[in-house]
file work_21.txt (compact mmCIF, C-alpha atoms)
# COMPACT_ATOMS: atom_id res chain seq x y z
CA ASP A 4 13.17 -19.52 -23.57
CA LEU A 5 12.75 -16.66 -21.13
CA ARG A 6 16.38 -15.57 -21.57
CA LEU A 7 15.87 -15.05 -25.32
CA LEU A 8 12.71 -13.03 -24.69
CA ALA A 9 14.52 -10.97 -22.07
CA ALA A 10 17.43 -10.34 -24.42
CA ALA A 11 15.05 -9.26 -27.20
CA ALA A 12 13.17 -6.83 -24.92
CA GLY A 13 15.97 -5.98 -22.52
CA ALA A 14 19.04 -3.81 -22.56
CA GLU A 15 19.28 -3.52 -26.37
CA ARG A 16 15.87 -1.86 -26.54
CA GLY A 17 16.27 0.22 -23.41
CA LEU A 18 13.65 -1.51 -21.28
CA ARG A 19 13.69 0.43 -18.02
CA HIS A 20 10.91 -1.17 -16.00
CA LEU A 21 9.26 -4.58 -16.33
CA CYS A 22 5.77 -4.73 -14.79
CA LEU A 23 4.18 -8.10 -14.06
CA VAL A 24 0.64 -8.80 -12.84
CA VAL A 25 0.01 -12.44 -11.94
CA GLY A 26 -2.24 -14.72 -9.95
CA GLY A 27 -1.94 -18.30 -8.76
CA THR A 28 0.62 -20.44 -10.54
CA GLY A 29 1.48 -17.55 -12.87
CA ILE A 30 3.97 -16.63 -10.18
CA ALA A 31 6.42 -19.33 -11.36
CA PRO A 32 7.36 -17.77 -14.74
CA ALA A 33 7.20 -14.30 -13.17
CA LEU A 34 9.77 -15.38 -10.58
CA GLN A 35 12.10 -16.45 -13.40
CA ALA A 36 11.77 -13.00 -15.00
CA LEU A 37 12.39 -11.27 -11.64
CA ARG A 38 15.58 -13.25 -11.16
CA LEU A 39 16.80 -12.12 -14.59
CA VAL A 40 16.04 -8.48 -13.77
CA ALA A 41 17.78 -8.77 -10.38
CA ASP A 42 20.95 -9.99 -12.10
CA ALA A 43 22.83 -6.82 -13.12
CA HIS A 44 24.80 -8.86 -15.69
CA GLY A 45 21.68 -10.58 -17.02
CA PRO A 46 19.82 -9.94 -20.29
CA PHE A 47 17.81 -7.00 -18.89
CA GLY A 48 20.97 -5.07 -18.01
CA GLU A 49 21.94 -2.94 -15.04
CA GLU A 50 19.30 -0.22 -15.38
CA CYS A 51 16.12 -2.31 -15.65
CA LYS A 52 13.83 -2.60 -12.63
CA ALA A 53 10.76 -4.78 -12.06
CA THR A 54 7.51 -4.53 -10.14
CA LEU A 55 5.34 -7.58 -9.49
CA LEU A 56 1.71 -7.42 -8.38
CA CYS A 57 0.55 -10.85 -7.25
CA SER A 58 -3.14 -11.53 -6.61
CA SER A 59 -4.13 -14.35 -4.24
CA ARG A 60 -7.18 -15.22 -2.21
CA THR A 61 -5.48 -15.38 1.20
CA PRO A 62 -1.93 -15.23 2.59
CA MET A 63 -1.88 -19.03 2.71
CA ASP A 64 -2.57 -19.19 -1.04
CA VAL A 65 0.56 -17.28 -2.07
CA LEU A 66 2.98 -19.63 -3.79
CA LEU A 67 6.78 -19.27 -3.60
CA VAL A 68 6.67 -16.73 -0.76
CA ASP A 69 10.22 -17.44 0.40
CA GLU A 70 11.61 -17.26 -3.14
CA LEU A 71 9.84 -13.95 -3.86
CA ARG A 72 11.18 -12.43 -0.66
CA GLU A 73 14.69 -13.62 -1.46
CA VAL A 74 14.78 -12.19 -4.99
CA GLU A 75 13.44 -8.86 -3.72
CA ARG A 76 15.94 -8.79 -0.84
CA SER A 77 18.93 -9.67 -3.06
CA SER A 78 18.06 -7.31 -5.93
CA ALA A 79 19.55 -4.12 -4.46
CA GLY A 80 16.26 -2.27 -4.96
CA LYS A 81 15.72 -3.42 -8.55
CA VAL A 82 12.73 -5.67 -7.74
CA THR A 83 9.54 -4.74 -5.87
CA VAL A 84 6.91 -7.35 -4.96
CA LYS A 85 3.38 -6.44 -3.81
CA HIS A 86 0.45 -8.73 -3.03
CA THR A 87 -3.28 -8.14 -3.12
CA LEU A 88 -5.58 -10.47 -1.20
CA THR A 89 -9.14 -11.02 -2.41
CA GLU A 90 -10.54 -13.01 0.54
CA PHE A 91 -8.52 -11.72 3.48
CA VAL A 92 -9.95 -12.30 6.96
CA GLN A 93 -8.15 -10.42 9.75
CA GLY A 94 -7.05 -12.18 12.91
CA PRO A 95 -5.72 -15.50 14.14
CA ALA A 96 -8.86 -17.36 13.11
CA SER A 97 -8.45 -16.36 9.47
CA LEU A 98 -7.01 -19.73 8.39
CA LEU A 99 -9.89 -21.60 9.99
CA ALA A 100 -12.48 -19.13 8.68
CA VAL A 101 -11.24 -19.40 5.11
CA SER A 102 -11.04 -23.19 5.26
CA LYS A 103 -14.65 -23.35 6.51
CA GLN A 104 -15.74 -20.92 3.82
CA ARG A 105 -14.09 -23.03 1.12
CA ALA A 106 -15.35 -26.34 2.50
CA GLY A 107 -18.64 -25.94 0.69
CA SER A 108 -17.08 -24.70 -2.54
CA SER A 109 -15.65 -26.66 -5.41
CA ALA A 110 -12.19 -25.10 -4.83
CA ARG A 111 -9.32 -27.51 -5.22
CA ARG A 112 -7.26 -28.05 -2.10
CA ASN A 113 -3.79 -29.36 -1.48
CA PHE A 114 -4.31 -30.95 1.93
CA TYR A 115 -0.62 -31.56 2.51
CA SER A 116 0.61 -27.96 2.53
CA LEU A 117 -2.43 -25.69 2.28
CA SER A 118 -4.80 -27.20 4.78
CA PRO A 119 -5.59 -25.84 8.25
CA TRP A 120 -4.02 -29.02 9.62
CA ARG A 121 -0.61 -28.52 7.99
CA PRO A 122 -0.29 -24.95 6.66
CA LEU A 123 2.81 -23.73 4.86
CA GLN A 124 5.20 -21.96 7.24
CA PRO A 125 7.34 -19.43 5.31
CA ARG A 126 10.88 -19.01 6.66
CA ASP A 127 10.38 -15.32 7.45
CA GLY A 128 6.86 -15.77 8.81
CA PRO A 129 3.48 -15.11 7.25
CA LEU A 130 2.91 -12.32 4.77
CA LYS A 131 2.82 -8.94 6.43
CA SER A 132 -0.70 -7.77 5.67
CA ALA A 133 -1.04 -4.32 7.24
CA GLU A 134 -1.59 -1.33 4.96
CA GLY A 135 1.65 -0.42 3.19
CA GLU A 136 3.27 -3.81 3.81
CA GLU A 137 3.97 -6.61 1.32
CA ALA A 138 0.35 -7.86 1.30
CA GLY A 139 -1.36 -4.62 2.26
CA LEU A 140 -3.61 -4.38 -0.80
CA ARG A 141 -7.15 -5.81 -0.81
CA GLY A 142 -9.47 -6.95 -3.57
CA ARG A 143 -9.13 -7.91 -7.18
CA VAL A 144 -6.71 -6.07 -9.43
CA THR A 145 -8.29 -2.88 -10.75
CA PRO A 146 -7.02 -0.07 -12.97
CA GLU A 147 -6.74 2.12 -9.86
CA MET A 148 -4.61 -0.51 -8.10
CA LEU A 149 -2.36 -0.75 -11.16
CA ARG A 150 -1.89 3.04 -11.15
CA GLN A 151 -1.10 2.90 -7.42
CA VAL A 152 1.47 0.06 -7.60
CA LEU A 153 3.07 0.25 -11.04
CA PRO A 154 5.13 3.09 -12.50
CA PRO A 155 3.44 5.16 -15.21
CA PRO A 156 4.06 4.09 -18.80
CA SER A 157 6.98 5.78 -20.49
CA GLU A 158 6.45 7.86 -23.55
call {"tool": "encode", "arguments": {"input": "work_21.txt", "output": "C-alpha cells"}}
result
Amino acid sequence: DLRLLAAAAGAERGLRHLCLVVGGTGIAPALQALRLVADAHGPFGEECKATLLCSSRTPMDVLLVDELREVERSSAGKVTVKHTLTEFVQGPASLLAVSKQRAGSSARRNFYSLSPWRPLQPRDGPLKSAEGEEAGLRGRVTPEMLRQVLPPPSE
C-alpha cells in the first residue's frame, strides 16, 4: 500500500523532497504518490515537496495529462511536473509525422485515443513544449537532465 510506504518514509523520517523519474504507464503509481505529497495532512507531512520527471516519446504519448496538471495546480507549490520528449517533431504536422514514422515499427497503438484520427484532447490543451515550459526538455533522461530538474541530494 502506497500510504504505508509514504508513512514509513515520510514525515517521521524527515523526508523533504520526493523525486520521481518515470516513463509510460509508470506515471500511474507516481500520480498516487504526488497526490499524497500534495495533501498537507497526508503521510508525507506539510514540509515535503515532490518533483516528477516524466519521459515520453511525443506529447500525444503522455498519459494522465489532465490529472498531472491538476495535482500540480492544487498543490500550492509542493509538486513540480516536468516532461521530456524523445521523439518530438515541431509544428502542426507533428502528429501525422510521428504516426507515419511509427507505422512501420512494431510499436503498439491504441487507435481509439492515440491515433491521428482521434487524438486525446487534454482539457487545458496540448502540452506546452517550448523551452522552459512543462514539456520543454528533449531526449532520453540523462544524468545532466536529472541534475537540471531535480534538487541536489541532501547530506
call {"tool": "residues_around", "arguments": {"input": "work_21.txt", "residues": "A:Leu149", "least_positions_apart": "3", "cutoff": "12 Å", "atoms": "all atoms listed in the file", "output": "VMD selection string"}}
result
chain A and resid 22 to 25 54 to 58 85 to 87 140 143 to 146 152 to 156
call {"tool": "atom_distance", "arguments": {"input": "work_21.txt", "atom1": "atom CA of A:Lys81", "atom2": "atom CA of A:Asp42"}}
result
9.1 Å
call {"tool": "closest_residue", "arguments": {"input": "work_21.txt", "among": "A:Pro125, A:His20, A:Glu70, A:Ala79", "to": "A:Leu34", "atoms": "only C-alpha atoms"}}
result
A:Glu70
call {"tool": "closest_residue", "arguments": {"input": "work_21.txt", "among": "A:Pro46, A:Gly80, A:Gly27, A:Gly142", "to": "A:Val92", "atoms": "all atoms listed in the file"}}
result
A:Gly142
call {"tool": "atom_distance", "arguments": {"input": "work_21.txt", "atom1": "atom CA of A:Gly48", "atom2": "atom CA of A:Val74"}}
result
16.1 Å
call {"tool": "atom_distance", "arguments": {"input": "work_21.txt", "atom1": "atom CA of A:Leu71", "atom2": "atom CA of A:Leu39"}}
result
12.9 Å
call {"tool": "axis_aligned_box", "arguments": {"input": "work_21.txt", "around": "stretch 141-149 of chain A", "padding_each_side": "8 Å", "output": "JSON"}}
result
{"center_x": -5.9, "center_y": -2.9, "center_z": -6.9, "size_x": 23.1, "size_y": 26.0, "size_z": 28.2}
call {"tool": "closest_residue", "arguments": {"input": "work_21.txt", "among": "A:Cys51, A:Ala31, A:Thr89, A:Arg60", "to": "A:Leu18", "atoms": "all atoms listed in the file"}}
result
A:Cys51
call {"tool": "residues_around", "arguments": {"input": "work_21.txt", "residues": "A:Arg76", "least_positions_apart": "6", "cutoff": "12 Å", "atoms": "all atoms listed in the file", "output": "CSV table (one decimal) with C-alpha atoms, in the frame of the given file"}}
result
chain,number,residue,atom,x,y,z
A,37,LEU,CA,12.4,-11.3,-11.6
A,38,ARG,CA,15.6,-13.2,-11.2
A,41,ALA,CA,17.8,-8.8,-10.4
A,69,ASP,CA,10.2,-17.4,0.4
A,70,GLU,CA,11.6,-17.3,-3.1
A,82,VAL,CA,12.7,-5.7,-7.7
A,83,THR,CA,9.5,-4.7,-5.9
A,84,VAL,CA,6.9,-7.4,-5.0
A,127,ASP,CA,10.4,-15.3,7.4
call {"tool": "closest_residue", "arguments": {"input": "work_21.txt", "among": "A:Gly17, A:Leu67, A:Glu137, A:Gly26", "to": "A:Gln124", "atoms": "all atoms listed in the file"}}
result
A:Leu67
call {"tool": "closest_residue", "arguments": {"input": "work_21.txt", "among": "A:Met63, A:Arg19, A:Ala53, A:Ala43", "to": "A:Lys131", "atoms": "all atoms listed in the file"}}
result
A:Met63
call {"tool": "build_atoms", "arguments": {"input": "work_21.txt", "residues": "stretch 68-86 of chain A", "atoms": "N, CA and C atoms", "output": "PDB file, keeping the file's coordinate frame"}}
result
ATOM      1  N   VAL A  68       6.474 -17.901  -1.618  1.00  0.00           N
ATOM      2  CA  VAL A  68       6.670 -16.730  -0.760  1.00  0.00           C
ATOM      3  C   VAL A  68       8.146 -16.528  -0.426  1.00  0.00           C
ATOM      4  N   ASP A  69       8.815 -17.565   0.015  1.00  0.00           N
ATOM      5  CA  ASP A  69      10.220 -17.440   0.400  1.00  0.00           C
ATOM      6  C   ASP A  69      11.091 -17.022  -0.782  1.00  0.00           C
ATOM      7  N   GLU A  70      10.829 -17.579  -1.955  1.00  0.00           N
ATOM      8  CA  GLU A  70      11.610 -17.260  -3.140  1.00  0.00           C
ATOM      9  C   GLU A  70      11.389 -15.820  -3.581  1.00  0.00           C
ATOM     10  N   LEU A  71      10.137 -15.339  -3.509  1.00  0.00           N
ATOM     11  CA  LEU A  71       9.840 -13.950  -3.860  1.00  0.00           C
ATOM     12  C   LEU A  71      10.550 -12.991  -2.920  1.00  0.00           C
ATOM     13  N   ARG A  72      10.503 -13.290  -1.645  1.00  0.00           N
ATOM     14  CA  ARG A  72      11.180 -12.430  -0.660  1.00  0.00           C
ATOM     15  C   ARG A  72      12.679 -12.405  -0.907  1.00  0.00           C
ATOM     16  N   GLU A  73      13.247 -13.546  -1.238  1.00  0.00           N
ATOM     17  CA  GLU A  73      14.690 -13.620  -1.460  1.00  0.00           C
ATOM     18  C   GLU A  73      15.116 -12.825  -2.686  1.00  0.00           C
ATOM     19  N   VAL A  74      14.395 -12.932  -3.786  1.00  0.00           N
ATOM     20  CA  VAL A  74      14.780 -12.190  -4.990  1.00  0.00           C
ATOM     21  C   VAL A  74      14.627 -10.687  -4.751  1.00  0.00           C
ATOM     22  N   GLU A  75      13.610 -10.278  -4.019  1.00  0.00           N
ATOM     23  CA  GLU A  75      13.440  -8.860  -3.720  1.00  0.00           C
ATOM     24  C   GLU A  75      14.580  -8.370  -2.811  1.00  0.00           C
ATOM     25  N   ARG A  76      14.889  -9.153  -1.802  1.00  0.00           N
ATOM     26  CA  ARG A  76      15.940  -8.790  -0.840  1.00  0.00           C
ATOM     27  C   ARG A  76      17.314  -8.705  -1.521  1.00  0.00           C
ATOM     28  N   SER A  77      17.603  -9.611  -2.436  1.00  0.00           N
ATOM     29  CA  SER A  77      18.930  -9.670  -3.060  1.00  0.00           C
ATOM     30  C   SER A  77      19.068  -8.798  -4.303  1.00  0.00           C
ATOM     31  N   SER A  78      18.038  -8.058  -4.671  1.00  0.00           N
ATOM     32  CA  SER A  78      18.060  -7.310  -5.930  1.00  0.00           C
ATOM     33  C   SER A  78      18.624  -5.905  -5.828  1.00  0.00           C
ATOM     34  N   ALA A  79      19.018  -5.477  -4.654  1.00  0.00           N
ATOM     35  CA  ALA A  79      19.550  -4.120  -4.460  1.00  0.00           C
ATOM     36  C   ALA A  79      18.565  -3.053  -4.934  1.00  0.00           C
ATOM     37  N   GLY A  80      17.282  -3.257  -4.627  1.00  0.00           N
ATOM     38  CA  GLY A  80      16.260  -2.270  -4.960  1.00  0.00           C
ATOM     39  C   GLY A  80      15.730  -2.342  -6.379  1.00  0.00           C
ATOM     40  N   LYS A  81      16.170  -3.309  -7.167  1.00  0.00           N
ATOM     41  CA  LYS A  81      15.720  -3.420  -8.550  1.00  0.00           C
ATOM     42  C   LYS A  81      14.367  -4.117  -8.686  1.00  0.00           C
ATOM     43  N   VAL A  82      13.973  -4.889  -7.672  1.00  0.00           N
ATOM     44  CA  VAL A  82      12.730  -5.670  -7.740  1.00  0.00           C
ATOM     45  C   VAL A  82      11.831  -5.287  -6.565  1.00  0.00           C
ATOM     46  N   THR A  83      10.555  -5.027  -6.873  1.00  0.00           N
ATOM     47  CA  THR A  83       9.540  -4.740  -5.870  1.00  0.00           C
ATOM     48  C   THR A  83       8.413  -5.748  -6.038  1.00  0.00           C
ATOM     49  N   VAL A  84       7.992  -6.362  -4.925  1.00  0.00           N
ATOM     50  CA  VAL A  84       6.910  -7.350  -4.960  1.00  0.00           C
ATOM     51  C   VAL A  84       5.788  -6.871  -4.042  1.00  0.00           C
ATOM     52  N   LYS A  85       4.576  -6.800  -4.578  1.00  0.00           N
ATOM     53  CA  LYS A  85       3.380  -6.440  -3.810  1.00  0.00           C
ATOM     54  C   LYS A  85       2.329  -7.522  -4.005  1.00  0.00           C
ATOM     55  N   HIS A  86       1.519  -7.732  -2.978  1.00  0.00           N
ATOM     56  CA  HIS A  86       0.450  -8.730  -3.030  1.00  0.00           C
ATOM     57  C   HIS A  86      -0.876  -8.063  -2.754  1.00  0.00           C
TER      58      HIS A  86
END
